[in-house]
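The block underneath contains the structure these notes are about, expressed in structure tokens.
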Amino acid sequence: MTISATRDTQDRRPGDGGTVRVDGVDFDAVTERQVVEHVVGRIREGRGGMLLTPNVDILRQLRRPDLQSIVEQADLVVADGMPIVWASRLMGTPLPERVTGASLAQSLPAALAEEGRSVYLLGGEEGVAEAAAAALEQSHDHLRVVGWHCPPFGFERDEAQMRAMVDDLERTKPDLVLVGLGFPKQEHLIGRLRRTLPDAWFIGCGGALTFLAGRVSRAPEHLQRSGFEWVHRLAMEPRRMARRYLVDDLPYAAGLFARAARRTPVDGRAA
């Protein structure tokens with residue numbers, strides 16, 4: 001089963017690479033640099049948006065019909081996982097590169113710092129967003145970190161908590177909001193917050209705030225490029241990541257490659 005989401009991408013995609021459909025999800029065929037340029041350009045124009053960064057685990061979950069709307073609401077969808085890039089190559093319609101939420105959580109604030117723009121950090125365990133905010137401020141002199149918040153468990157069902165969060169965002173009016181609450185909670189929250197801040201860009205960046213805060217280290221670059229960053233994450237957080245990687249994602253990835261191989265173009269037609 002695959003979802004049949006088709007996003008309205010007119011006047012939204014950076015570059016001219018179009019989209020590549022992998023397992024029912026349309027990915028924008030873009031590089032990280034193109035994403036950064038596109039988002040910064042839209043912020044200059046006062047046009048907000050939402051970035052969705054599916055890795056293998058998120059792509060697996062997006063097969064659920066009740067999550068289809070998340071793809072439809074995204075303005076850009078980029079491949080966070082190397083297996084997605086490999087699958088696109090098997091299909092004969094290669095995505096140019098992997099574009100991760102963890103990398104964008106650094107490259108986008110860096111680009112916005114050059115224009116004196118602002119960012120707000122939302123999510124993570126207690127103290128994570130604050131530490132990540134301090135790290136960004138230390139790294140980028142002209143970046144305005146206008147706020148951070150680590151919401152307590154169950155905040156989305158507490159109207160007082162939600163109201164306080166919305167009020168703080170309305171007061172600070174950030175250009176970029178990094179939301180690290182895990183999929184799909186972060187995307188559902190973004191859907192609500194976009195109505196409050198239509199001119200801001202939102203990224204659901206999962207564990208990126210933990211990386212920024214220095215609580216967990218990212219894999220060495222050669223592991224990131226080779227597609228084995230998950231091995232490093234498993235070694236760093238075995239209790240948290242074992243079921244996700246070994247029980248849920250590995251079998252799904254095997255099926256993903258099989259489906260992609262069946263769609264490999266042969267003489268201009270799908271195999």
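Ordering of the structure tokens sets the chain letters (A, B, ...); residue numbers start at 1 within each chain; ligands are numbered from 1 in the order shown.
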
TODO: Can you pull out every residue within 9 Å of A:Gln186, counting only C-alpha atoms, but drop anything in the same chain fewer than 5 positions away, and send it as an MDAnalysis selection string?
DONE: chainID A and resid 123 179:181 191 203:206

TODO: If you run DSSP over the backbone, which residues in stretch 115-257 of chain A end up helix (DSSP H, G or I)? Put them as number ranges by chain.
DONE: A: 128-139, 155-157, 159-172, 185-193, 208-213, 221-226, 229-236, 238-257

C-alpha atoms of the current selection, written as a CSV table (one decimal), in the first residue's frame:
```csv
chain,number,residue,atom,x,y,z
A,128,VAL,CA,17.8,20.8,25.4
A,129,ALA,CA,16.2,23.7,23.5
A,130,GLU,CA,17.9,26.2,25.9
A,131,ALA,CA,21.3,24.6,25.3
A,132,ALA,CA,20.7,24.4,21.5
A,133,ALA,CA,19.8,28.1,21.5
A,134,ALA,CA,23.0,29.0,23.4
A,135,ALA,CA,25.0,27.0,20.9
A,136,LEU,CA,23.4,28.7,17.9
A,137,GLU,CA,24.0,32.2,19.5
A,138,GLN,CA,27.6,31.3,20.1
A,139,SER,CA,28.1,30.1,16.5
A,155,PHE,CA,1.1,19.7,26.3
A,156,GLU,CA,-0.8,19.3,23.1
A,157,ARG,CA,-3.9,18.3,25.1
A,159,GLU,CA,-5.2,24.4,26.2
A,160,ALA,CA,-3.4,26.6,28.7
A,161,GLN,CA,0.0,25.2,27.6
A,162,MET,CA,-0.9,25.6,23.9
A,163,ARG,CA,-2.1,29.2,24.5
A,164,ALA,CA,1.1,30.1,26.3
A,165,MET,CA,3.2,28.7,23.4
A,166,VAL,CA,1.2,30.5,20.8
A,167,ASP,CA,1.3,33.7,22.7
A,168,ASP,CA,5.1,33.5,22.9
A,169,LEU,CA,5.4,32.9,19.2
A,170,GLU,CA,3.1,35.7,18.4
A,171,ARG,CA,5.2,38.0,20.6
A,172,THR,CA,8.6,37.0,19.2
A,185,LYS,CA,3.7,15.1,16.8
A,186,GLN,CA,5.9,17.9,15.5
A,187,GLU,CA,4.1,18.0,12.1
A,188,HIS,CA,0.7,18.1,13.7
A,189,LEU,CA,1.8,21.0,15.9
A,190,ILE,CA,3.3,22.8,13.0
A,191,GLY,CA,0.0,22.6,11.2
A,192,ARG,CA,-1.6,24.4,14.1
A,193,LEU,CA,1.2,27.0,14.5
A,208,ALA,CA,18.4,17.9,15.7
A,209,LEU,CA,18.1,20.0,18.8
A,210,THR,CA,19.8,17.3,20.8
A,211,PHE,CA,22.7,17.4,18.3
A,212,LEU,CA,22.8,21.2,18.5
A,213,ALA,CA,22.8,21.1,22.3
A,221,GLU,CA,30.7,12.4,8.0
A,222,HIS,CA,31.8,9.3,6.1
A,223,LEU,CA,29.1,7.3,7.9
A,224,GLN,CA,26.6,10.0,7.0
A,225,ARG,CA,27.6,9.8,3.3
A,226,SER,CA,27.6,6.0,3.2
A,229,GLU,CA,24.6,6.9,10.3
A,230,TRP,CA,21.9,4.7,11.9
A,231,VAL,CA,24.6,2.3,13.1
A,232,HIS,CA,26.2,5.2,15.0
A,233,ARG,CA,22.8,6.3,16.4
A,234,LEU,CA,22.1,2.7,17.5
A,235,ALA,CA,25.4,2.5,19.3
A,236,MET,CA,24.8,5.8,21.0
A,238,PRO,CA,20.6,1.3,21.9
A,239,ARG,CA,17.6,1.1,24.1
A,240,ARG,CA,15.8,3.9,22.4
A,241,MET,CA,16.7,3.1,18.8
A,242,ALA,CA,16.9,-0.7,18.6
A,243,ARG,CA,13.3,-1.5,17.9
A,244,ARG,CA,12.9,1.3,15.4
A,245,TYR,CA,16.0,0.4,13.4
A,246,LEU,CA,16.1,-3.4,13.7
A,247,VAL,CA,12.5,-4.4,14.0
A,248,ASP,CA,10.6,-1.7,12.0
A,249,ASP,CA,12.9,0.0,9.6
A,250,LEU,CA,15.2,-2.7,8.2
A,251,PRO,CA,12.4,-4.9,6.9
A,252,TYR,CA,10.6,-1.9,5.5
A,253,ALA,CA,13.8,-0.8,3.7
A,254,ALA,CA,14.2,-4.2,2.1
A,255,GLY,CA,10.7,-3.9,0.8
A,256,LEU,CA,11.4,-0.4,-0.4
A,257,PHE,CA,14.3,-1.5,-2.5
```

TODO: Considering only C-alpha atoms, state which residue in the set A:Val146, A:Met91, A:Ala74, A:Leu59 is at the smallest distance from A:Arg263.
DONE: A:Met91

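Computed from the coordinates, the atom CA of A:Gly154 to atom CA of A:Glu125 distance equals 13.0 Å.
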